[in-house]
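Here the structure is laid out as structure tokens; the discussion comes afterwards.
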Amino acid sequence: MSSNLSSNLALSLGSNHFELFSLSPKFNIELATLESNFRKIQSESHPDRFVSASSAEKLQSMQLATLANEAYQILKNPANRSKYLLELQGIVAISETNTAMPLDFLMRQMEWRESLEDAKAAKDINALENLLREMQQEAKLLQSEIALLIDHKQDYINATDATRKLIFIDKVYTDINKAIEQLEVNL
Amino acid sequence: MALLQISEPGMGAAPHQHKLAIGIDLGTTNSLVATVRSGLSNVINDEHGYSLLPSVVHYLENGHVEVGFNAQKQQNIDPHNTIVSAKRFMGRGLKDLDVSHLPYLFSETSGMVQIETRAGIKSPVEISSEILKVLKTRAEHALGGELVGAVITVPAYFDDAQRQATKDAARLAGINVLRLLNEPTAAAVAYGLDNASEGIYVIYDLGGGTFDVSILKLSKGVFEVLATNGDSALGGDDFDHRIFCWILESAKLTPRNAHDTRLLLSKAREAKEWLTEHAEANISCLLSDGEFVNLTLTTHEFIAFTANLVQKTLSPTRKAMRDAELSIEEINGVVMVGGATRMPLVRKIVAEYFKQTLLTNLDPDKVVALGAAIQANVLAGNKSDEDLLLLDVIPLSLGLETYGGLTERVIHRNSTLPVARAQEFTTYKDGQTAMSIYVVQGERELVSDCRSLARFELRGIPPMVAGAARIRVTFTVDADGLLSVSARETSTNVEAHIAVKPSYGLSEDEITNMLKTSFNSAEADKKARMLAEARVAAGAILEAVTMALATDSTLISSEEIQAIEAEMQRLAIIKETQDDDAIHKAVEALNYATEAFAAARMNASVSRALSGKNLEDINL
């Protein structure tokens with residue numbers, strides 16, 4: 001493959017992920033539109049459509065299909081979507097110098113971590129599943145808050161705090177799932 | 001957008017002529033080949049009317065190779081030279097396998113296992129290629145023409161090494177692989193199209209040697225895999241082995257020789273199949289030392305010592321459900337695939353887990369091949385009624401070794417393919433010009449607990465002070481689920497050279513050598529074949545660009561059109577020479593000249609799709 005091909009990438013389709021899927025850059029997006037436009041782009045760009053095409057077209061296909069997959073993953077997930085929206089505003093939600101979290105949230109974090117460790121020690125899958133549901137509830141509340149802050153108030157400072165909390169809750173969620181997996185393996 | 005037609009004007013097939021493409025289910029126990037004829041997917045039978053080809057390869061004393069039923073008859077008579085279930089060894093090292101009950105002579109190697117036979121040391125890739133050759137020949141006879149290519153199915157849970165081994169086997173068999181397709185996805189295509197299904201479906205695929213579970217969202221010809229999981233070393237064979245152990249124990253037999261082991265394993269298998277419709281099975285046979293075995297195995301006993309094998313399939317199933325973030329109530333149907341799902345116990349446990357009646361109204365042995373044929377037909381460019389799109393995922397995370405032997409995940413499992421991730425590295429010594437990247441596959445924290453894939457040696461990094469170089473390494477997994485790696489120093493834009501040392505794969509040299517021995521082709525033949533291949537490639541791109549210009553020349557300037565046409569004329573002339581190298585170079589040049597055009601066409605087609613118009617509307 002020659003080296004300067006990436007310069008010809010089909011990028012005029014939008015300067016950001018929202019434009020790629022013909023969506024306006026908001027937290028509350030129509031997930032059905034995202035999904036159907038994602039599928040339309042894949043219908044045109046997926047490598048399966050270019051099995052017998054020239055290598056120039058194969059490369060275009062590979063690059064656009066890859067980009068569409070990545071952009072879809074970012075916009076589909078609320079925490080990633082919010083993080084990305086803030087990036088478009090020039091704000092890095094999670095960085096080494098920007099990890100501050102309000103004290104009350106830190107306390108709750110510790111409580112969740114403790115419950116997780118207790119349930120793990122007790123090999124209590126039900127308790128872990130309850131904790132999962134609690135995280136889902138927390139995530140929902142934060143998502144409505146972010147929608148209000150970004151879409152209606154353009155309050156990116158408070159939206160950054162809420163996004164950081166959401167990302168944190170996602171992490172706990174993943175860790176609970178891992179713990180359940182571990183317990184099931186050892187059953 | 002319709003697929004480009006690639007036939008060469010005047011020489012190749014007419015633009016709308018049906019192209020011959022096949023789907024191959026390369027199974028652990030049995031293999032099949034299917035094709036789409038008159039819009040219907042059909043399994044191709046052999047000359048005796050059999051559709052299944054036992055995946056058994058026998059190396060004869062006269063140097064010939066038998067595959068299928070004849071080879072199967074030899075497995076008890078000539079066990080060392082009759083290889084059964086070679087798929088289990090694909091892309092695997094000796095330490096990955098439990099070979100204690102296998103009658104083969106494994107040779108000591110660090111990479112993929114090798115088996116000593118009277119025909120020499122054989123890699124699982126070569127053994128599998130013998131099966132593929134037979135299926136290819138069968139298809140060519142039945143279809144009466146040369147094949148454009150094949151879709152070959154692999155277990156969804158196959159890792160990179162296992163997939164690469166499968167592709168290499170096809171290459172050895174002289175098959176153009178259009179795509180490697182995951183078995184459960186193939187089954188979903190065959191089932192979904194047949195039943196016009198919409199919604200969320202689970203494909204539970206328990207084959208001879210592998211277990212896969214995939215969760216798909218089906219809607220209007222789009223098959224989107226939401227999550228997949230499995231166990232690439234669990235299948236029907238394990239039930240046979242449990243019965244085998246039970247026989248040894250019940251008849252108080254000491255460990256047996258290869259002949260008896262094979263015999264008892266096939267008796268075990270017969271008993272397992274018999275128990276699908278009967279309450280008890282009789283097992284009787286005469287062993288080589290004159291001992292007579294006569295036992296009765298009841299369903300009750302069989303369930304007692306195999307139920308935990310079925311339970312073992314539920315753990316990957318739960319993981320897939322969690323990865324897809326779905327609850328059991330959201331599942332619209334559970335499709336059962338693979339011969340081992342005929343066992344009543346499997347059906348009972350799976351039905352209980354999903355709290356619903358299972359979909360078993362299809363032949364679990366054939367559905368994978370039928371689905372593969374449907375996709376092969378579409379990929380070959382034959383018009384089909386369905387606008388089929390398969391969005392599959394990578395089954396296992398890809399990671400890198402970092403400090404302290406820990407894994408850093410680069411690409412997460414269940415990412416939709418194709419996927420690419422870039423990672424930046426730097427040097428730790430002044431003037432360092434090379435570095436090594438170790439890539440593994442798996443979900444564990446420690447590198448040593450994951451599957452070793454390959455070591456990539458980067459060379460040609462421009463010498464700088466420590467920490468100044470910015471080496472951007474891009475990991476790409478294509479639609480076949482295969483990894484490739486590229487690297488670039490970003491401050492100088494120098495491309496690093498990459499040498500790959502696959503842990504369980506074959507090197508390019510090894511494959512070339514195998515190809516040479518398998519075709520025994522003289523130098524002149526080889527030259528002729530390379531020239532023919534170069535001309536086909538030239539014809540293909542000329543045709544593709546001609547058609548692209550005919551429909552989309554308005555997308556680029558007249559200067560660009562002239563530049564493209566000049567390269568086309570040059571290629572058309574060089575194509576008639578005997579110089580395959582020059583032809584390839586001219587093809588490359590034309591490719592290069594069409595890059596901007598290809599990008600413009602892609603933009604236009606996607607914009608058209610998003611604005612809600614399709615090609616037909618625009619042409620009107």
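Ordering of the structure tokens sets the chain letters (A, B, ...); residue numbers start at 1 within each chain; ligands are numbered from 1 in the order shown.
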- Message: Considering only alpha helix (DSSP H) as DSSP defines it on the backbone, what residues of region 243-434 of chain B qualify? List them as a ChimeraX atom specification.
- Response: /B:243-250,258-274,299-323,344-354,367-379
- Message: Show me, as a VMD selection string, the residues that have an atom within 8 Å of Ala487 (chain B) when counting only C-alpha atoms, minus same-chain residues fewer than 3 positions from it.
- Response: chain B and resid 458 471 to 474 495 to 498
Using the selection just defined, write its residues with N, CA and C atoms as a tab-separated table (two decimals), in the first residue's frame.
```
chain	number	residue	atom	x	y	z
B	458	LEU	N	9.67	-3.79	14.82
B	458	LEU	CA	9.70	-2.55	14.04
B	458	LEU	C	11.14	-2.15	13.84
B	471	ILE	N	6.15	6.83	17.69
B	471	ILE	CA	5.84	5.76	16.75
B	471	ILE	C	4.38	5.38	16.88
B	472	ARG	N	3.65	5.65	15.83
B	472	ARG	CA	2.22	5.39	15.83
B	472	ARG	C	2.00	4.03	15.19
B	473	VAL	N	1.54	3.09	15.99
B	473	VAL	CA	1.33	1.75	15.47
B	473	VAL	C	-0.18	1.53	15.30
B	474	THR	N	-0.58	1.16	14.10
B	474	THR	CA	-2.00	0.97	13.84
B	474	THR	C	-2.31	-0.52	13.70
B	495	GLU	N	7.98	5.54	7.57
B	495	GLU	CA	7.29	4.29	7.79
B	495	GLU	C	8.27	3.27	8.35
B	496	ALA	N	7.89	2.61	9.45
B	496	ALA	CA	8.79	1.60	10.02
B	496	ALA	C	8.55	0.27	9.31
B	497	HIS	N	9.61	-0.48	9.15
B	497	HIS	CA	9.45	-1.79	8.54
B	497	HIS	C	9.01	-2.78	9.61
B	498	ILE	N	8.10	-3.67	9.26
B	498	ILE	CA	7.60	-4.59	10.26
B	498	ILE	C	7.86	-6.04	9.84
```
For region 167-176 of chain A, find every residue with an atom within 10 Å (counting only C-alpha atoms), except residues of its own chain fewer than 3 positions away, and show them as a short mmCIF file (atom, residue, chain, number, x, y, z; two decimals) with C-alpha atoms, in the first residue's frame.
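Contents of result.cif, as written:
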```cif
data_model
loop_
_atom_site.label_atom_id
_atom_site.label_comp_id
_atom_site.auth_asym_id
_atom_site.auth_seq_id
_atom_site.Cartn_x
_atom_site.Cartn_y
_atom_site.Cartn_z
CA PRO A 78 -24.04 7.97 26.38
CA ALA A 79 -20.80 8.50 28.33
CA ASN A 80 -18.68 8.43 25.16
CA SER A 82 -21.04 13.24 26.12
CA LYS A 83 -17.25 13.08 26.31
CA ALA A 93 -13.42 15.54 30.44
CA ILE A 94 -10.91 13.04 31.74
CA GLN A 109 -18.07 5.81 44.99
CA TRP A 112 -20.26 1.15 45.76
CA ARG A 113 -16.71 -0.18 45.71
CA LEU A 116 -18.75 -4.71 45.20
CA GLU A 117 -15.91 -6.12 47.27
CA ALA A 119 -20.45 -9.24 47.26
CA LYS A 120 -17.33 -10.62 45.61
CA ILE A 125 -24.18 -13.10 42.34
CA LEU A 128 -23.86 -8.11 42.29
CA GLU A 129 -26.84 -8.08 39.95
CA LEU A 131 -25.67 -3.46 42.28
CA LEU A 132 -25.69 -3.54 38.47
CA ARG A 133 -29.29 -2.33 38.46
CA GLU A 134 -28.40 0.43 40.91
CA MET A 135 -25.64 1.60 38.57
CA GLN A 136 -28.10 1.59 35.67
CA GLU A 138 -27.63 6.22 38.57
CA ALA A 139 -26.50 6.33 34.96
CA LEU A 142 -26.90 11.48 35.11
CA ALA A 162 -21.63 14.99 35.27
CA THR A 163 -19.82 13.28 32.41
CA ARG A 164 -16.95 12.37 34.65
CA ALA A 179 -16.83 -9.96 39.05
CA ILE A 180 -19.95 -11.85 37.98
CA GLU A 181 -17.99 -13.46 35.16
CA GLN A 182 -15.25 -14.54 37.55
CA ASP B 323 -21.94 -8.07 26.45
#
```
- Interface residues on chain A facing chain B, 7 Å, only C-alpha atoms, written as number ranges by chain: A: 8-10, 13, 37, 40-41, 43-44, 47-57, 60, 62, 65-66, 69, 184
N, CA and C atoms of the current selection, written as a PDB file, in the first residue's frame:
```
ATOM      1  N   ASN A   8      -6.435  10.968   0.867  1.00  0.00           N
ATOM      2  CA  ASN A   8      -7.606  10.930  -0.004  1.00  0.00           C
ATOM      3  C   ASN A   8      -8.815  10.287   0.664  1.00  0.00           C
ATOM      4  N   LEU A   9      -8.747  10.102   1.959  1.00  0.00           N
ATOM      5  CA  LEU A   9      -9.853   9.483   2.674  1.00  0.00           C
ATOM      6  C   LEU A   9     -11.143  10.257   2.452  1.00  0.00           C
ATOM      7  N   ALA A  10     -12.221   9.494   2.352  1.00  0.00           N
ATOM      8  CA  ALA A  10     -13.526  10.098   2.090  1.00  0.00           C
ATOM      9  C   ALA A  10     -13.999  10.894   3.298  1.00  0.00           C
ATOM     10  N   LEU A  13     -17.405  13.778   4.098  1.00  0.00           N
ATOM     11  CA  LEU A  13     -18.706  13.354   4.602  1.00  0.00           C
ATOM     12  C   LEU A  13     -19.049  13.990   5.930  1.00  0.00           C
ATOM     13  N   ASN A  37     -28.837   5.367   9.888  1.00  0.00           N
ATOM     14  CA  ASN A  37     -27.816   6.005   9.055  1.00  0.00           C
ATOM     15  C   ASN A  37     -26.486   5.249   9.110  1.00  0.00           C
ATOM     16  N   LYS A  40     -26.948   2.557   6.688  1.00  0.00           N
ATOM     17  CA  LYS A  40     -26.881   3.046   5.304  1.00  0.00           C
ATOM     18  C   LYS A  40     -25.423   3.237   4.891  1.00  0.00           C
ATOM     19  N   ILE A  41     -24.629   3.807   5.788  1.00  0.00           N
ATOM     20  CA  ILE A  41     -23.212   4.036   5.448  1.00  0.00           C
ATOM     21  C   ILE A  41     -22.499   2.701   5.267  1.00  0.00           C
ATOM     22  N   SER A  43     -23.862  -0.073   4.365  1.00  0.00           N
ATOM     23  CA  SER A  43     -24.347  -0.680   3.121  1.00  0.00           C
ATOM     24  C   SER A  43     -23.526  -0.214   1.930  1.00  0.00           C
ATOM     25  N   GLU A  44     -23.060   1.030   1.982  1.00  0.00           N
ATOM     26  CA  GLU A  44     -22.294   1.575   0.858  1.00  0.00           C
ATOM     27  C   GLU A  44     -20.808   1.301   0.989  1.00  0.00           C
ATOM     28  N   PRO A  47     -16.516  -3.575   3.409  1.00  0.00           N
ATOM     29  CA  PRO A  47     -15.608  -4.321   2.518  1.00  0.00           C
ATOM     30  C   PRO A  47     -16.292  -5.440   1.726  1.00  0.00           C
ATOM     31  N   ASP A  48     -17.393  -5.981   2.233  1.00  0.00           N
ATOM     32  CA  ASP A  48     -18.109  -7.014   1.487  1.00  0.00           C
ATOM     33  C   ASP A  48     -18.632  -6.493   0.153  1.00  0.00           C
ATOM     34  N   ARG A  49     -18.815  -5.172   0.063  1.00  0.00           N
ATOM     35  CA  ARG A  49     -19.306  -4.601  -1.202  1.00  0.00           C
ATOM     36  C   ARG A  49     -18.183  -4.429  -2.219  1.00  0.00           C
ATOM     37  N   PHE A  50     -16.942  -4.645  -1.789  1.00  0.00           N
ATOM     38  CA  PHE A  50     -15.794  -4.326  -2.646  1.00  0.00           C
ATOM     39  C   PHE A  50     -14.832  -5.497  -2.807  1.00  0.00           C
ATOM     40  N   VAL A  51     -15.375  -6.712  -2.676  1.00  0.00           N
ATOM     41  CA  VAL A  51     -14.517  -7.894  -2.729  1.00  0.00           C
ATOM     42  C   VAL A  51     -13.753  -7.963  -4.053  1.00  0.00           C
ATOM     43  N   SER A  52     -14.395  -7.541  -5.153  1.00  0.00           N
ATOM     44  CA  SER A  52     -13.739  -7.635  -6.461  1.00  0.00           C
ATOM     45  C   SER A  52     -13.317  -6.276  -6.997  1.00  0.00           C
ATOM     46  N   ALA A  53     -13.317  -5.256  -6.160  1.00  0.00           N
ATOM     47  CA  ALA A  53     -13.018  -3.909  -6.638  1.00  0.00           C
ATOM     48  C   ALA A  53     -11.517  -3.658  -6.703  1.00  0.00           C
ATOM     49  N   SER A  54     -11.145  -2.530  -7.266  1.00  0.00           N
ATOM     50  CA  SER A  54      -9.734  -2.159  -7.349  1.00  0.00           C
ATOM     51  C   SER A  54      -9.209  -1.883  -5.938  1.00  0.00           C
ATOM     52  N   SER A  55      -7.879  -1.914  -5.776  1.00  0.00           N
ATOM     53  CA  SER A  55      -7.352  -1.747  -4.425  1.00  0.00           C
ATOM     54  C   SER A  55      -7.587  -0.333  -3.913  1.00  0.00           C
ATOM     55  N   ALA A  56      -7.674   0.650  -4.829  1.00  0.00           N
ATOM     56  CA  ALA A  56      -7.977   2.018  -4.391  1.00  0.00           C
ATOM     57  C   ALA A  56      -9.359   2.068  -3.750  1.00  0.00           C
ATOM     58  N   GLU A  57     -10.321   1.367  -4.358  1.00  0.00           N
ATOM     59  CA  GLU A  57     -11.675   1.368  -3.804  1.00  0.00           C
ATOM     60  C   GLU A  57     -11.753   0.530  -2.531  1.00  0.00           C
ATOM     61  N   GLN A  60     -10.593   2.724   0.288  1.00  0.00           N
ATOM     62  CA  GLN A  60     -11.647   3.665   0.666  1.00  0.00           C
ATOM     63  C   GLN A  60     -12.688   2.980   1.534  1.00  0.00           C
ATOM     64  N   MET A  62     -12.399   0.218   3.328  1.00  0.00           N
ATOM     65  CA  MET A  62     -11.846  -0.158   4.627  1.00  0.00           C
ATOM     66  C   MET A  62     -11.826   1.057   5.563  1.00  0.00           C
ATOM     67  N   ALA A  65     -15.558   2.285   6.395  1.00  0.00           N
ATOM     68  CA  ALA A  65     -16.279   1.320   7.240  1.00  0.00           C
ATOM     69  C   ALA A  65     -15.712   1.341   8.655  1.00  0.00           C
ATOM     70  N   THR A  66     -14.395   1.464   8.765  1.00  0.00           N
ATOM     71  CA  THR A  66     -13.743   1.523  10.071  1.00  0.00           C
ATOM     72  C   THR A  66     -14.146   2.783  10.830  1.00  0.00           C
ATOM     73  N   ASN A  69     -17.738   2.528  12.025  1.00  0.00           N
ATOM     74  CA  ASN A  69     -17.846   1.669  13.210  1.00  0.00           C
ATOM     75  C   ASN A  69     -17.414   2.401  14.470  1.00  0.00           C
ATOM     76  N   GLU A 184     -18.872 -16.905  37.932  1.00  0.00           N
ATOM     77  CA  GLU A 184     -19.478 -17.957  37.114  1.00  0.00           C
ATOM     78  C   GLU A 184     -18.446 -18.968  36.642  1.00  0.00           C
TER      79      GLU A 184
END
```
- Message: What's around Leu180 (chain B) at 12 Å? Count only C-alpha atoms, leave out sequence neighbours fewer than 2 positions away in its own chain, and write the answer as a ChimeraX atom specification.
- Response: /A:48 /B:23-26,149-156,158,160,162-170,176-178,182-183,185-186,372-373,375-376,379,390,392,478-482
Written selection (N, CA and C atoms) as a compact mmCIF listing (two decimals), in the first residue's frame:
```txt
# COMPACT_ATOMS: atom_id res chain seq x y z
N ASP A 48 -17.39 -5.98 2.23
CA ASP A 48 -18.11 -7.01 1.49
C ASP A 48 -18.63 -6.49 0.15
N GLY B 23 -20.00 -21.93 -0.86
CA GLY B 23 -19.81 -21.77 0.57
C GLY B 23 -19.33 -23.10 1.13
N ILE B 24 -18.28 -23.07 1.92
CA ILE B 24 -17.74 -24.31 2.49
C ILE B 24 -17.83 -24.27 4.01
N ASP B 25 -18.45 -25.30 4.57
CA ASP B 25 -18.44 -25.48 6.02
C ASP B 25 -17.36 -26.50 6.32
N LEU B 26 -16.21 -26.02 6.76
CA LEU B 26 -15.07 -26.90 7.08
C LEU B 26 -15.22 -27.29 8.55
N GLY B 149 -14.64 -18.05 -6.40
CA GLY B 149 -14.08 -18.11 -5.06
C GLY B 149 -15.04 -18.75 -4.09
N ALA B 150 -14.63 -18.76 -2.83
CA ALA B 150 -15.43 -19.44 -1.82
C ALA B 150 -15.49 -18.63 -0.54
N VAL B 151 -16.60 -18.78 0.15
CA VAL B 151 -16.70 -18.29 1.52
C VAL B 151 -16.47 -19.52 2.40
N ILE B 152 -15.54 -19.44 3.32
CA ILE B 152 -15.26 -20.58 4.19
C ILE B 152 -15.63 -20.19 5.61
N THR B 153 -16.36 -21.07 6.27
CA THR B 153 -16.81 -20.73 7.62
C THR B 153 -15.81 -21.18 8.67
N VAL B 154 -15.75 -20.40 9.73
CA VAL B 154 -14.91 -20.72 10.89
C VAL B 154 -15.74 -20.51 12.15
N PRO B 155 -15.41 -21.19 13.23
CA PRO B 155 -16.11 -20.91 14.48
C PRO B 155 -15.93 -19.43 14.83
N ALA B 156 -16.99 -18.83 15.34
CA ALA B 156 -16.92 -17.41 15.68
C ALA B 156 -15.83 -17.16 16.71
N PHE B 158 -12.96 -18.59 16.97
CA PHE B 158 -11.60 -18.81 16.49
C PHE B 158 -10.78 -17.53 16.67
N ASP B 160 -7.10 -15.29 15.93
CA ASP B 160 -6.41 -14.89 14.71
C ASP B 160 -5.60 -16.04 14.10
N GLN B 162 -6.02 -19.27 14.37
CA GLN B 162 -6.88 -20.31 13.83
C GLN B 162 -7.51 -19.86 12.51
N ARG B 163 -7.87 -18.57 12.43
CA ARG B 163 -8.43 -18.03 11.19
C ARG B 163 -7.38 -18.02 10.09
N GLN B 164 -6.18 -17.57 10.44
CA GLN B 164 -5.12 -17.50 9.44
C GLN B 164 -4.81 -18.90 8.92
N ALA B 165 -4.80 -19.88 9.82
CA ALA B 165 -4.52 -21.26 9.40
C ALA B 165 -5.58 -21.74 8.41
N THR B 166 -6.84 -21.36 8.65
CA THR B 166 -7.92 -21.77 7.74
C THR B 166 -7.73 -21.13 6.37
N LYS B 167 -7.36 -19.86 6.38
CA LYS B 167 -7.16 -19.17 5.10
C LYS B 167 -5.97 -19.78 4.34
N ASP B 168 -4.92 -20.13 5.09
CA ASP B 168 -3.76 -20.76 4.46
C ASP B 168 -4.13 -22.11 3.85
N ALA B 169 -4.98 -22.85 4.55
CA ALA B 169 -5.40 -24.16 4.02
C ALA B 169 -6.13 -23.98 2.70
N ALA B 170 -6.96 -22.95 2.62
CA ALA B 170 -7.70 -22.69 1.38
C ALA B 170 -6.73 -22.33 0.26
N ASN B 176 -9.74 -19.38 -3.97
CA ASN B 176 -9.75 -17.94 -3.71
C ASN B 176 -10.78 -17.67 -2.60
N VAL B 177 -10.28 -17.23 -1.46
CA VAL B 177 -11.19 -17.01 -0.33
C VAL B 177 -11.84 -15.63 -0.45
N LEU B 178 -13.14 -15.62 -0.69
CA LEU B 178 -13.86 -14.34 -0.76
C LEU B 178 -14.00 -13.75 0.63
N ASN B 182 -18.12 -16.30 10.06
CA ASN B 182 -18.34 -17.02 11.31
C ASN B 182 -19.53 -17.97 11.17
N GLU B 183 -19.35 -19.17 11.69
CA GLU B 183 -20.38 -20.20 11.51
C GLU B 183 -21.76 -19.77 12.01
N THR B 185 -22.99 -16.85 12.26
CA THR B 185 -23.51 -15.80 11.39
C THR B 185 -24.04 -16.41 10.09
N ALA B 186 -23.30 -17.39 9.57
CA ALA B 186 -23.75 -18.09 8.37
C ALA B 186 -25.10 -18.75 8.62
N ALA B 372 -23.29 -19.82 4.09
CA ALA B 372 -22.01 -19.43 3.47
C ALA B 372 -22.19 -19.27 1.97
N ALA B 373 -22.97 -20.16 1.36
CA ALA B 373 -23.19 -20.08 -0.09
C ALA B 373 -23.95 -18.81 -0.45
N GLN B 375 -23.84 -15.96 1.11
CA GLN B 375 -22.93 -14.81 1.14
C GLN B 375 -21.92 -14.87 -0.01
N ALA B 376 -21.46 -16.08 -0.36
CA ALA B 376 -20.51 -16.21 -1.47
C ALA B 376 -21.15 -15.67 -2.75
N LEU B 379 -21.09 -11.89 -2.56
CA LEU B 379 -19.73 -11.35 -2.67
C LEU B 379 -19.17 -11.50 -4.08
N LEU B 390 -23.74 -8.12 6.28
CA LEU B 390 -23.37 -8.79 7.52
C LEU B 390 -22.38 -7.92 8.29
N ASP B 392 -20.19 -8.22 11.42
CA ASP B 392 -19.72 -9.18 12.42
C ASP B 392 -18.73 -8.52 13.37
N ASP B 478 -9.50 -6.87 9.80
CA ASP B 478 -10.34 -6.76 8.61
C ASP B 478 -11.63 -7.57 8.76
N ALA B 479 -12.42 -7.60 7.70
CA ALA B 479 -13.73 -8.26 7.78
C ALA B 479 -13.61 -9.79 7.96
N ASP B 480 -12.41 -10.35 7.71
CA ASP B 480 -12.19 -11.77 7.98
C ASP B 480 -11.81 -12.01 9.44
N GLY B 481 -11.66 -10.94 10.20
CA GLY B 481 -11.23 -11.08 11.58
C GLY B 481 -9.72 -11.23 11.71
N LEU B 482 -8.98 -10.86 10.65
CA LEU B 482 -7.53 -11.04 10.68
C LEU B 482 -6.82 -9.72 10.95
```
- Query: At what distance in Å, to one decimal, does CA of Asp159 (chain B) lie from CA of Cys450 (chain B)?
  - Reply: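 Computed distance, CA of Cys450 (chain B) to CA of Asp159 (chain B), equals 10.9 Å.
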- Using only C-alpha atoms, which of B:Val293, B:Leu193, B:Ile203, B:Val465 sits nearest Leu40 (chain B)?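 The closest residue to Leu40 (chain B) is B:Leu193.
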- What does the distance from CA of Met547 (chain B) to CA of Lys575 (chain B) come to in Å, to one decimal?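 Distance reported for this atom pair: 18.7 Å.
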- Message: Residues within 9 Å of Tyr428 (chain B), please, as a PyMOL selection string. Count only C-alpha atoms; anything in the same chain fewer than 2 positions from it doesn't count.
- Response: chain B and resi 426+430+432+465-468
- Task: Please indicate the distance in Å from CA of Thr357 (chain B) to CA of Ser197 (chain B), rounded to one decimal place.
- Result: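 Separation of CA of Thr357 (chain B) and CA of Ser197 (chain B): 15.8 Å.
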Shell around Leu105 (chain B) at 8 Å using only C-alpha atoms, local window under 5 positions removed, as a PDB file with N, CA and C atoms, in the first residue's frame:
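Result went into part.pdb, see below:
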```pdb
ATOM      1  N   HIS B  80      -2.558 -44.196  12.871  1.00  0.00           N
ATOM      2  CA  HIS B  80      -1.485 -43.194  12.849  1.00  0.00           C
ATOM      3  C   HIS B  80      -1.544 -42.312  11.615  1.00  0.00           C
ATOM      4  N   ILE B 115       1.956 -33.455  12.670  1.00  0.00           N
ATOM      5  CA  ILE B 115       1.712 -34.873  12.876  1.00  0.00           C
ATOM      6  C   ILE B 115       2.587 -35.678  11.925  1.00  0.00           C
ATOM      7  N   GLU B 116       3.258 -36.680  12.493  1.00  0.00           N
ATOM      8  CA  GLU B 116       4.095 -37.540  11.649  1.00  0.00           C
ATOM      9  C   GLU B 116       3.228 -38.605  11.011  1.00  0.00           C
ATOM     10  N   THR B 117       3.224 -38.633   9.682  1.00  0.00           N
ATOM     11  CA  THR B 117       2.481 -39.666   8.962  1.00  0.00           C
ATOM     12  C   THR B 117       3.459 -40.341   8.011  1.00  0.00           C
TER      13      THR B 117
END
```
